[in-house]
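For reference, model-v3.csv (CSV, C-alpha atoms and all ligand atoms):
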chain,number,residue,atom,x,y,z
A,1,MET,CA,104.1,112.7,115.8
A,2,LYS,CA,106.2,109.6,116.1
A,3,LEU,CA,106.9,107.2,113.3
A,4,ILE,CA,106.1,103.5,113.7
A,5,ASP,CA,109.2,102.0,112.1
A,6,GLY,CA,108.0,98.7,110.6
A,7,LYS,CA,111.3,98.0,108.9
A,8,ALA,CA,113.3,98.2,112.1
A,9,LEU,CA,110.8,96.2,114.1
A,10,ALA,CA,110.7,93.5,111.4
A,11,GLU,CA,114.5,93.3,111.5
A,12,THR,CA,114.4,92.8,115.3
A,13,LEU,CA,111.7,90.2,115.1
A,14,GLN,CA,113.6,88.4,112.4
A,15,LEU,CA,116.7,88.2,114.6
A,16,HIS,CA,114.6,86.4,117.2
A,17,LEU,CA,113.1,84.2,114.6
A,18,LYS,CA,116.5,83.2,113.4
A,19,ASP,CA,117.4,82.0,116.9
A,20,GLU,CA,114.2,80.0,117.0
A,21,VAL,CA,114.9,78.4,113.7
A,22,GLU,CA,118.5,77.5,114.9
A,23,ALA,CA,117.0,75.9,118.0
A,24,LEU,CA,114.6,73.9,115.8
A,25,VAL,CA,117.3,72.8,113.4
A,26,LYS,CA,119.3,71.5,116.4
A,27,LYS,CA,116.4,69.2,117.1
A,28,GLY,CA,116.4,68.1,113.5
A,29,ILE,CA,113.5,70.2,112.3
A,30,VAL,CA,114.0,72.7,109.5
A,31,PRO,CA,110.9,74.9,109.0
A,32,GLY,CA,109.7,74.3,105.5
A,33,LEU,CA,107.7,76.9,103.4
A,34,VAL,CA,106.5,76.2,99.9
A,35,VAL,CA,105.0,79.0,97.9
A,36,ILE,CA,102.9,78.1,94.8
A,37,LEU,CA,102.6,80.8,92.1
A,38,VAL,CA,100.2,80.2,89.2
A,39,GLY,CA,100.7,82.5,86.2
A,40,GLU,CA,102.8,85.6,85.8
A,41,ASN,CA,101.2,88.5,87.7
A,42,PRO,CA,104.1,90.9,88.1
A,43,ALA,CA,103.1,92.1,91.6
A,44,SER,CA,102.8,88.4,92.8
A,45,GLN,CA,106.2,87.6,91.3
A,46,VAL,CA,107.7,90.4,93.5
A,47,TYR,CA,105.9,89.2,96.6
A,48,VAL,CA,106.9,85.6,96.0
A,49,ARG,CA,110.5,86.5,95.5
A,50,ASN,CA,110.6,88.5,98.7
A,51,LYS,CA,109.0,85.6,100.6
A,52,GLU,CA,111.6,83.2,99.3
A,53,LYS,CA,114.5,85.6,100.0
A,54,THR,CA,113.4,86.1,103.6
A,55,ALA,CA,112.7,82.4,104.2
A,56,LEU,CA,116.2,81.5,103.0
A,57,LYS,CA,117.8,84.3,105.1
A,58,LEU,CA,116.1,82.8,108.2
A,59,GLY,CA,117.4,79.4,107.5
A,60,PHE,CA,114.2,77.8,106.3
A,61,HIS,CA,113.8,75.0,103.8
A,62,SER,CA,112.1,77.0,101.1
A,63,LYS,CA,110.8,76.4,97.6
A,64,VAL,CA,108.7,78.4,95.1
A,65,VAL,CA,106.7,76.3,92.6
A,66,ARG,CA,106.0,78.4,89.5
A,67,LEU,CA,103.2,77.0,87.4
A,68,PRO,CA,101.9,78.2,84.0
A,69,ALA,CA,98.8,80.3,83.9
A,70,ASP,CA,96.9,77.5,82.2
A,71,THR,CA,97.5,75.0,85.0
A,72,SER,CA,94.2,73.2,85.6
A,73,GLU,CA,92.4,73.5,88.9
A,74,ALA,CA,92.6,69.7,89.3
A,75,ASP,CA,96.4,69.7,88.9
A,76,LEU,CA,96.8,72.5,91.4
A,77,LEU,CA,94.6,70.6,94.0
A,78,THR,CA,96.6,67.4,93.5
A,79,LEU,CA,99.9,69.3,94.0
A,80,ILE,CA,98.5,70.9,97.2
A,81,GLU,CA,97.5,67.5,98.5
A,82,GLU,CA,101.0,66.2,97.9
A,83,TYR,CA,102.5,69.0,100.0
A,84,ASN,CA,99.8,68.4,102.7
A,85,GLN,CA,101.1,64.8,103.0
A,86,ASP,CA,104.8,65.7,102.9
A,87,GLU,CA,106.1,66.3,106.4
A,88,ALA,CA,109.1,68.3,105.2
A,89,TRP,CA,106.7,71.3,104.5
A,90,HIS,CA,105.1,73.1,107.5
A,91,GLY,CA,103.7,76.0,105.6
A,92,ILE,CA,101.9,76.0,102.2
A,93,LEU,CA,101.0,79.2,100.6
A,94,VAL,CA,99.2,79.7,97.3
A,95,GLN,CA,99.8,83.2,96.1
A,96,LEU,CA,96.6,85.1,95.3
A,97,PRO,CA,95.1,86.2,93.0
A,98,LEU,CA,94.6,83.0,91.0
A,99,PRO,CA,93.8,82.8,87.3
A,100,LYS,CA,90.0,83.1,86.7
A,101,HIS,CA,89.5,79.5,85.8
A,102,ILE,CA,90.6,78.3,89.2
A,103,SER,CA,88.3,78.6,92.2
A,104,GLU,CA,90.1,80.4,95.1
A,105,GLU,CA,87.6,78.9,97.5
A,106,LYS,CA,88.4,75.3,96.5
A,107,VAL,CA,92.1,76.0,96.6
A,108,LEU,CA,92.0,77.6,100.1
A,109,LEU,CA,89.9,74.7,101.4
A,110,ALA,CA,92.4,72.2,100.0
A,111,ILE,CA,95.3,73.4,102.1
A,112,ASP,CA,95.8,71.5,105.4
A,113,PRO,CA,94.6,74.1,108.0
A,114,ASN,CA,97.7,73.3,110.1
A,115,LYS,CA,99.9,74.3,107.2
A,116,ASP,CA,97.8,77.3,106.1
A,117,VAL,CA,100.4,79.9,107.2
A,118,ASP,CA,98.4,82.7,105.4
A,119,GLY,CA,95.4,82.0,107.7
A,120,PHE,CA,92.9,82.2,104.8
A,121,HIS,CA,91.4,78.7,105.2
A,122,PRO,CA,87.8,79.0,106.4
A,123,MET,CA,88.7,76.9,109.4
A,124,ASN,CA,91.4,79.3,110.5
A,125,MET,CA,89.1,82.3,109.8
A,126,GLY,CA,86.4,80.6,111.9
A,127,ARG,CA,88.9,79.9,114.7
A,128,LEU,CA,89.9,83.5,114.7
A,129,TRP,CA,86.3,84.8,114.8
A,130,ALA,CA,85.6,82.3,117.6
A,131,GLY,CA,88.4,83.9,119.6
A,132,ASN,CA,90.8,80.9,119.4
A,133,PRO,CA,93.1,81.7,116.5
A,134,VAL,CA,95.7,79.3,115.3
A,135,MET,CA,96.9,80.8,112.0
A,136,ILE,CA,96.3,84.5,111.6
A,137,PRO,CA,96.6,86.5,108.3
A,138,SER,CA,100.0,88.1,108.3
A,139,THR,CA,99.1,91.8,107.7
A,140,PRO,CA,96.8,92.2,110.7
A,141,ALA,CA,99.1,90.0,112.8
A,142,GLY,CA,102.0,92.4,112.0
A,143,ILE,CA,99.9,95.4,113.0
A,144,MET,CA,99.1,93.8,116.3
A,145,GLU,CA,102.9,93.4,116.8
A,146,MET,CA,103.4,97.0,116.1
A,147,PHE,CA,100.8,97.9,118.8
A,148,LYS,CA,102.7,95.8,121.2
A,149,ALA,CA,106.1,97.2,120.4
A,150,TYR,CA,104.8,100.8,120.5
A,151,GLN,CA,102.7,100.2,123.7
A,152,VAL,CA,99.4,101.0,122.1
A,153,ASP,CA,96.8,99.7,124.6
A,154,LEU,CA,93.7,98.9,122.6
A,155,SER,CA,91.5,98.4,125.7
A,156,GLY,CA,88.5,100.6,125.6
A,157,GLN,CA,89.8,102.5,122.6
A,158,ARG,CA,87.6,103.4,119.6
A,159,ALA,CA,89.1,101.7,116.6
A,160,VAL,CA,87.9,102.2,113.0
A,161,VAL,CA,89.1,99.9,110.2
A,162,VAL,CA,88.5,101.2,106.7
A,163,GLY,CA,88.3,98.2,104.3
A,164,ARG,CA,86.5,94.8,104.8
A,165,SER,CA,88.6,92.3,102.9
A,166,ASN,CA,89.1,88.8,104.2
A,167,ILE,CA,92.9,89.2,104.2
A,168,VAL,CA,93.1,92.6,106.0
A,169,GLY,CA,90.0,94.5,107.2
A,170,LYS,CA,87.9,91.7,108.7
A,171,PRO,CA,90.7,89.9,110.6
A,172,MET,CA,92.1,93.2,111.7
A,173,ALA,CA,88.8,94.2,113.2
A,174,GLN,CA,88.5,90.9,115.1
A,175,LEU,CA,92.0,91.1,116.5
A,176,MET,CA,91.4,94.6,117.8
A,177,MET,CA,88.1,93.5,119.3
A,178,MET,CA,90.0,90.6,121.0
A,179,GLY,CA,92.3,93.4,122.4
A,180,ASN,CA,89.1,95.0,123.9
A,181,ALA,CA,88.8,97.9,121.5
A,182,THR,CA,85.4,99.0,120.3
A,183,VAL,CA,85.6,98.4,116.6
A,184,THR,CA,83.7,99.7,113.6
A,185,ILE,CA,84.4,98.5,110.0
A,186,ALA,CA,83.9,100.9,107.2
A,187,HIS,CA,83.8,100.3,103.5
A,188,SER,CA,82.9,101.9,100.1
A,189,ARG,CA,79.2,102.2,101.1
A,190,THR,CA,79.8,103.8,104.4
A,191,LYS,CA,78.0,107.1,104.7
A,192,ASN,CA,79.8,110.1,106.2
A,193,LEU,CA,83.1,108.2,106.4
A,194,SER,CA,85.1,111.2,107.5
A,195,ALA,CA,83.0,111.7,110.7
A,196,LEU,CA,83.6,108.1,111.5
A,197,THR,CA,87.4,108.1,110.9
A,198,LYS,CA,87.6,111.3,112.9
A,199,SER,CA,86.1,109.6,115.9
A,200,ALA,CA,88.8,106.9,115.9
A,201,ASP,CA,91.6,106.7,118.5
A,202,ILE,CA,93.0,104.0,116.3
A,203,LEU,CA,92.6,104.2,112.5
A,204,VAL,CA,93.6,101.3,110.2
A,205,VAL,CA,93.2,102.0,106.5
A,206,ALA,CA,93.3,99.2,103.9
A,207,ILE,CA,91.4,100.3,100.8
A,208,GLY,CA,94.0,100.6,98.0
A,209,VAL,CA,93.2,104.3,97.1
A,210,ALA,CA,96.3,106.5,97.1
A,211,LYS,CA,96.4,109.2,99.8
A,212,PHE,CA,92.6,108.9,100.4
A,213,ILE,CA,92.8,109.7,104.2
A,214,THR,CA,93.5,113.4,104.6
A,215,ALA,CA,94.3,115.4,107.8
A,216,ASP,CA,90.7,116.6,108.3
A,217,MET,CA,89.6,112.9,108.5
A,218,VAL,CA,91.8,112.1,111.5
A,219,LYS,CA,91.4,112.8,115.2
A,220,LYS,CA,94.2,114.8,116.8
A,221,GLY,CA,96.5,112.3,118.7
A,222,ALA,CA,95.2,109.2,116.9
A,223,VAL,CA,97.3,106.1,116.0
A,224,VAL,CA,97.2,105.7,112.2
A,225,ILE,CA,98.1,102.5,110.4
A,226,ASP,CA,98.4,102.6,106.6
A,227,VAL,CA,98.1,99.3,104.9
A,228,GLY,CA,97.7,100.6,101.4
A,229,MET,CA,100.3,100.1,98.7
A,230,ASN,CA,99.7,102.3,95.7
A,231,ARG,CA,101.5,104.4,93.2
A,232,ASP,CA,101.0,108.2,93.2
A,233,GLU,CA,100.9,110.5,90.1
A,234,SER,CA,104.7,110.3,89.8
A,235,LEU,CA,104.6,106.5,90.2
A,236,LYS,CA,106.1,106.7,93.7
A,237,LEU,CA,105.0,104.0,96.2
A,238,CYS,CA,102.5,105.5,98.6
A,239,GLY,CA,99.8,104.5,101.1
A,240,ASP,CA,96.1,105.1,101.5
A,241,VAL,CA,96.9,107.9,103.9
A,242,ASP,CA,98.2,111.3,102.9
A,243,PHE,CA,101.3,110.9,105.1
A,244,ASP,CA,102.6,114.5,104.7
A,245,GLU,CA,99.4,116.0,106.0
A,246,VAL,CA,98.3,113.3,108.5
A,247,LYS,CA,101.7,113.0,110.3
A,248,ASP,CA,101.1,116.4,111.9
A,249,VAL,CA,97.8,115.3,113.4
A,250,ALA,CA,98.6,111.7,114.4
A,251,ARG,CA,100.4,110.6,117.6
A,252,LEU,CA,101.8,107.5,115.9
A,253,ILE,CA,101.8,106.8,112.2
A,254,THR,CA,103.2,104.1,109.8
A,255,PRO,CA,105.1,105.2,106.7
A,256,VAL,CA,104.7,103.7,103.2
A,257,PRO,CA,107.1,102.1,102.4
A,258,GLY,CA,108.7,100.9,105.6
A,259,GLY,CA,105.6,100.4,107.7
A,260,VAL,CA,103.1,97.5,107.5
A,261,GLY,CA,104.8,95.8,104.5
A,262,PRO,CA,108.0,94.5,106.1
A,263,MET,CA,106.0,93.3,109.1
A,264,THR,CA,103.6,91.3,106.9
A,265,ILE,CA,106.4,89.1,105.5
A,266,THR,CA,108.0,88.7,108.9
A,267,MET,CA,104.7,87.5,110.4
A,268,LEU,CA,104.4,84.9,107.6
A,269,MET,CA,107.8,83.6,108.6
A,270,GLU,CA,106.8,83.6,112.2
A,271,GLN,CA,103.7,81.6,111.5
A,272,THR,CA,105.7,79.0,109.6
A,273,VAL,CA,108.1,78.6,112.5
A,274,ARG,CA,105.0,78.1,114.8
A,275,ALA,CA,103.6,75.5,112.3
A,276,ALA,CA,107.0,73.7,112.5
A,277,GLN,CA,107.0,73.8,116.3
A,278,LEU,CA,103.4,72.5,116.4
A,279,ALA,CA,104.2,69.7,114.0
A,280,SER,CA,107.2,68.7,116.0
A,281,GLN,CA,105.1,68.4,119.2
A,282,LYS,CA,102.8,65.9,117.5
B,1,LIG,P1,90.5,94.8,98.6
B,1,LIG,O1,90.5,95.5,97.3
B,1,LIG,O2,90.2,93.4,98.8
B,1,LIG,O3,89.5,95.6,99.6
B,1,LIG,C1,89.4,97.0,99.6
B,1,LIG,C2,88.4,97.4,100.7
B,1,LIG,O4,88.4,98.8,100.7
B,1,LIG,C3,87.0,97.0,100.3
B,1,LIG,O5,86.3,96.5,101.5
B,1,LIG,C4,86.3,98.3,99.8
B,1,LIG,O6,85.0,98.4,100.1
B,1,LIG,C5,87.1,99.3,100.6
B,1,LIG,N1,87.1,100.6,99.8
B,1,LIG,C6,87.6,100.8,98.6
B,1,LIG,N2,87.4,102.1,98.3
B,1,LIG,C7,86.9,102.7,99.3
B,1,LIG,C8,86.5,104.0,99.6
B,1,LIG,N3,86.7,105.0,98.7
B,1,LIG,N4,86.0,104.3,100.9
B,1,LIG,C9,85.9,103.3,101.8
B,1,LIG,N5,86.2,102.1,101.6
B,1,LIG,C10,86.7,101.7,100.4
B,1,LIG,O7,91.9,95.2,99.2
B,1,LIG,P2,92.9,94.5,100.3
B,1,LIG,O8,92.3,94.5,101.7
B,1,LIG,O9,93.5,93.3,99.7
B,1,LIG,O10,94.1,95.6,100.3
B,1,LIG,C11,93.9,97.0,100.6
B,1,LIG,C12,95.2,97.7,100.3
B,1,LIG,O11,96.2,97.2,101.1
B,1,LIG,C13,95.8,97.6,98.9
B,1,LIG,O12,96.4,98.8,98.6
B,1,LIG,C14,96.8,96.5,99.0
B,1,LIG,O13,97.8,96.6,98.0
B,1,LIG,C15,97.3,96.8,100.4
B,1,LIG,N6,97.9,95.6,101.0
B,1,LIG,C16,99.1,95.7,101.6
B,1,LIG,C17,99.7,94.7,102.3
B,1,LIG,C18,101.0,95.0,103.0
B,1,LIG,O14,101.6,94.0,103.4
B,1,LIG,N7,101.5,96.2,103.1
B,1,LIG,C19,99.1,93.4,102.4
B,1,LIG,C20,97.7,93.4,101.8
B,1,LIG,C21,97.2,94.4,101.1
B,1,LIG,P3,83.8,97.4,99.5
B,1,LIG,O15,84.0,96.1,100.3
B,1,LIG,O16,82.6,98.1,99.8
B,1,LIG,O17,84.2,97.2,98.0
Translate this file's structure into structure tokens.
Ligand code: NDP
Amino acid sequence: MKLIDGKALAETLQLHLKDEVEALVKKGIVPGLVVILVGENPASQVYVRNKEKTALKLGFHSKVVRLPADTSEADLLTLIEEYNQDEAWHGILVQLPLPKHISEEKVLLAIDPNKDVDGFHPMNMGRLWAGNPVMIPSTPAGIMEMFKAYQVDLSGQRAVVVGRSNIVGKPMAQLMMMGNATVTIAHSRTKNLSALTKSADILVVAIGVAKFITADMVKKGAVVIDVGMNRDESLKLCGDVDFDEVKDVARLITPVPGGVGPMTITMLMEQTVRAAQLASQK
């Protein structure tokens, strides 16, 4: 078994990104990322703080707009439109989940697709499924970078994605299909899941159930990517894969923490740099 060190890879990619930011700044363009957080979801607050910290470290122009939980949908949409029009901001990100009274669909539709660095706008999802991606959701984008760095050739491989969310499972499946893997998406209604996961040369798990994937569900020599972020019985951070068991079966495996997580944030920054480069070419 070999570990896929997401933390180290993220640090290397961030060094390259910093150079790219410096080159842009010399041309008078400072990549700008604005993150909008509505309400006080504790997990969201941590994510947003990390995004801000990383953006500042890389030399971005960065801002977090913290709005009260009772902000109206109309006010949020107006604010998004202001950032759409403001050329200083190349990336706009509205942290999900939103309070119940605000339509996530309307909010995602309101963001200029060229500033949608999360890649959740229906136009960007459509572009991805059409095979011409512009903005790609960060988590699957980070996993594709891991495949590249660890020379995992997807072509002709049997890949199984467990989880079908818009932010991880679905885009992950499409990206691997674009890499010429034969992909199956599994979910909570899938029958005989372990037979399916055991057939996978590449297994990506994004379900949010602590240590769900056990060694008997994994093919010997498989590449296992664990997206999950959960707390175990002793409240320790753990993934959807039972790492201690599965590490002895897998050829390559991501740890939690230190795997997919650090790559996700890095890819968000990379996407913002791309958005700034694209804007500068206009
Ligand atoms: P969602 O809750 O949106 O989706 C979970 C998916 O898993 C659903 O498709 C669901 O099926 C499926 N599922 C749930 N239980 C089972 C089961 N027992 N067997 C098979 N499938 C199951 O989650 P996300 O995609 O947003 O996130 C998944 C996990 O990844 C979470 O732990 C989250 O915290 C983590 N995450 C980590 C990130 C990182 O950067 N490291 C980024 C994003 C997420 P169905 O559709 O049928 O309900």
Given only C-alpha atoms, how would the per-residue table for region 201-237 of chain A near region 163-172 of chain A read, listing every residue at most 10 Å away with its closest atom pair and distance in Å to one decimal, sorted by chain and number, as a Markdown table?
| residue | atom | partner | partner_atom | distance |
| --- | --- | --- | --- | --- |
| A:Val204 | CA | A:Gly169 | CA | 8.3 |
| A:Val205 | CA | A:Gly163 | CA | 6.6 |
| A:Ala206 | CA | A:Gly163 | CA | 5.1 |
| A:Ile207 | CA | A:Gly163 | CA | 5.1 |
| A:Gly208 | CA | A:Gly163 | CA | 8.8 |
| A:Val227 | CA | A:Val168 | CA | 8.4 |
Kindly export the residues of the current selection with C-alpha atoms, as a PDB file, in the frame of the given file.
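Okay, part_35.pdb is ready:
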ATOM      1  CA  VAL A 204      93.600 101.300 110.200  1.00  0.00           C
ATOM      2  CA  VAL A 205      93.200 102.000 106.500  1.00  0.00           C
ATOM      3  CA  ALA A 206      93.300  99.200 103.900  1.00  0.00           C
ATOM      4  CA  ILE A 207      91.400 100.300 100.800  1.00  0.00           C
ATOM      5  CA  GLY A 208      94.000 100.600  98.000  1.00  0.00           C
ATOM      6  CA  VAL A 227      98.100  99.300 104.900  1.00  0.00           C
TER       7      VAL A 227
END
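Of note, CA of Asn124 (chain A) and CA of Ser103 (chain A) are spaced 18.6 Å apart.
Interatomic distance, CA of Leu175 (chain A) to CA of Asn50 (chain A): 25.9 Å.
Of the listed residues A:Ala210, A:Arg127, A:Leu56, A:Gly261, the one whose atoms come nearest to Asp232 (chain A) is A:Ala210, with distances taken using all atoms listed in the file.
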field: Shell around Gly258 (chain A) at 10 Å using all atoms listed in the file, local window under 6 positions removed, as a count of residues only
entry: 7
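Restricting the calculation to all atoms listed in the file, the smallest distance between ligand LIG 1 (chain B) and any of A:Gln271, A:Gln95, A:Thr139, A:Thr214 is found for A:Thr139.
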- line: A straight line from CA of Arg251 (chain A) to atom C5 of ligand LIG 1 (chain B) spans 24.4 Å
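Between ligand LIG 1 (chain B) and the candidates A:Glu233, A:Asp242, A:Asp118, A:Asp226, the tightest atom-to-atom separation, counting all atoms listed in the file, involves A:Asp226.
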Nearby residues, (97.9, 108.7, 116.7) file frame, 8 Å, all atoms listed in the file, as an MDAnalysis selection string: chainID A and resid 1 201:202 219:224 249:253
task: Please tell me which residues are no farther than 8 Å from (99.5, 110.4, 102.6) in the file, counting all atoms listed in the file, and write them as a PyMOL selection string.
output: chain A and resi 210-214+238-246
Just save region 20-41 of chain A with N, CA and C atoms, as a PDB file, in the first residue's frame.
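Saved to decode-v1.pdb:
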ATOM      1  N   GLU A  20       2.121  31.831 -10.185  1.00  0.00           N
ATOM      2  CA  GLU A  20       1.168  32.310 -11.195  1.00  0.00           C
ATOM      3  C   GLU A  20       0.503  33.612 -10.735  1.00  0.00           C
ATOM      4  N   VAL A  21       0.204  33.656  -9.432  1.00  0.00           N
ATOM      5  CA  VAL A  21      -0.415  34.879  -8.893  1.00  0.00           C
ATOM      6  C   VAL A  21       0.571  36.044  -9.036  1.00  0.00           C
ATOM      7  N   GLU A  22       1.848  35.794  -8.701  1.00  0.00           N
ATOM      8  CA  GLU A  22       2.845  36.872  -8.814  1.00  0.00           C
ATOM      9  C   GLU A  22       2.949  37.376 -10.247  1.00  0.00           C
ATOM     10  N   ALA A  23       2.907  36.446 -11.207  1.00  0.00           N
ATOM     11  CA  ALA A  23       2.984  36.840 -12.625  1.00  0.00           C
ATOM     12  C   ALA A  23       1.776  37.701 -12.998  1.00  0.00           C
ATOM     13  N   LEU A  24       0.605  37.338 -12.490  1.00  0.00           N
ATOM     14  CA  LEU A  24      -0.601  38.121 -12.775  1.00  0.00           C
ATOM     15  C   LEU A  24      -0.515  39.506 -12.133  1.00  0.00           C
ATOM     16  N   VAL A  25      -0.024  39.522 -10.891  1.00  0.00           N
ATOM     17  CA  VAL A  25       0.060  40.800 -10.171  1.00  0.00           C
ATOM     18  C   VAL A  25       0.985  41.761 -10.922  1.00  0.00           C
ATOM     19  N   LYS A  26       2.070  41.208 -11.500  1.00  0.00           N
ATOM     20  CA  LYS A  26       2.994  42.059 -12.292  1.00  0.00           C
ATOM     21  C   LYS A  26       2.267  42.697 -13.462  1.00  0.00           C
ATOM     22  N   LYS A  27       1.236  42.001 -13.959  1.00  0.00           N
ATOM     23  CA  LYS A  27       0.450  42.562 -15.079  1.00  0.00           C
ATOM     24  C   LYS A  27      -0.689  43.452 -14.572  1.00  0.00           C
ATOM     25  N   GLY A  28      -0.726  43.650 -13.258  1.00  0.00           N
ATOM     26  CA  GLY A  28      -1.744  44.526 -12.684  1.00  0.00           C
ATOM     27  C   GLY A  28      -3.054  43.829 -12.352  1.00  0.00           C
ATOM     28  N   ILE A  29      -3.016  42.487 -12.347  1.00  0.00           N
ATOM     29  CA  ILE A  29      -4.264  41.757 -12.027  1.00  0.00           C
ATOM     30  C   ILE A  29      -4.068  40.986 -10.726  1.00  0.00           C
ATOM     31  N   VAL A  30      -4.880  41.290  -9.739  1.00  0.00           N
ATOM     32  CA  VAL A  30      -4.820  40.542  -8.472  1.00  0.00           C
ATOM     33  C   VAL A  30      -6.048  39.630  -8.415  1.00  0.00           C
ATOM     34  N   PRO A  31      -5.852  38.295  -8.433  1.00  0.00           N
ATOM     35  CA  PRO A  31      -7.017  37.415  -8.366  1.00  0.00           C
ATOM     36  C   PRO A  31      -7.879  37.738  -7.150  1.00  0.00           C
ATOM     37  N   GLY A  32      -9.165  37.910  -7.380  1.00  0.00           N
ATOM     38  CA  GLY A  32     -10.066  38.300  -6.289  1.00  0.00           C
ATOM     39  C   GLY A  32     -11.104  37.223  -6.016  1.00  0.00           C
ATOM     40  N   LEU A  33     -11.200  36.828  -4.761  1.00  0.00           N
ATOM     41  CA  LEU A  33     -12.181  35.801  -4.374  1.00  0.00           C
ATOM     42  C   LEU A  33     -13.057  36.327  -3.245  1.00  0.00           C
ATOM     43  N   VAL A  34     -14.350  36.381  -3.483  1.00  0.00           N
ATOM     44  CA  VAL A  34     -15.258  36.786  -2.415  1.00  0.00           C
ATOM     45  C   VAL A  34     -16.105  35.580  -2.007  1.00  0.00           C
ATOM     46  N   VAL A  35     -16.135  35.343  -0.705  1.00  0.00           N
ATOM     47  CA  VAL A  35     -16.909  34.223  -0.169  1.00  0.00           C
ATOM     48  C   VAL A  35     -18.061  34.805   0.645  1.00  0.00           C
ATOM     49  N   ILE A  36     -19.269  34.368   0.340  1.00  0.00           N
ATOM     50  CA  ILE A  36     -20.440  34.875   1.065  1.00  0.00           C
ATOM     51  C   ILE A  36     -20.972  33.769   1.969  1.00  0.00           C
ATOM     52  N   LEU A  37     -21.076  34.097   3.239  1.00  0.00           N
ATOM     53  CA  LEU A  37     -21.579  33.124   4.213  1.00  0.00           C
ATOM     54  C   LEU A  37     -22.844  33.682   4.862  1.00  0.00           C
ATOM     55  N   VAL A  38     -23.925  32.937   4.754  1.00  0.00           N
ATOM     56  CA  VAL A  38     -25.180  33.380   5.373  1.00  0.00           C
ATOM     57  C   VAL A  38     -25.445  32.484   6.584  1.00  0.00           C
ATOM     58  N   GLY A  39     -25.565  33.110   7.750  1.00  0.00           N
ATOM     59  CA  GLY A  39     -25.859  32.336   8.951  1.00  0.00           C
ATOM     60  C   GLY A  39     -24.601  31.863   9.654  1.00  0.00           C
ATOM     61  N   GLU A  40     -24.806  31.001  10.659  1.00  0.00           N
ATOM     62  CA  GLU A  40     -23.684  30.661  11.537  1.00  0.00           C
ATOM     63  C   GLU A  40     -23.410  29.171  11.650  1.00  0.00           C
ATOM     64  N   ASN A  41     -23.641  28.431  10.559  1.00  0.00           N
ATOM     65  CA  ASN A  41     -23.324  27.004  10.550  1.00  0.00           C
ATOM     66  C   ASN A  41     -21.845  26.809  10.941  1.00  0.00           C
TER      67      ASN A  41
END
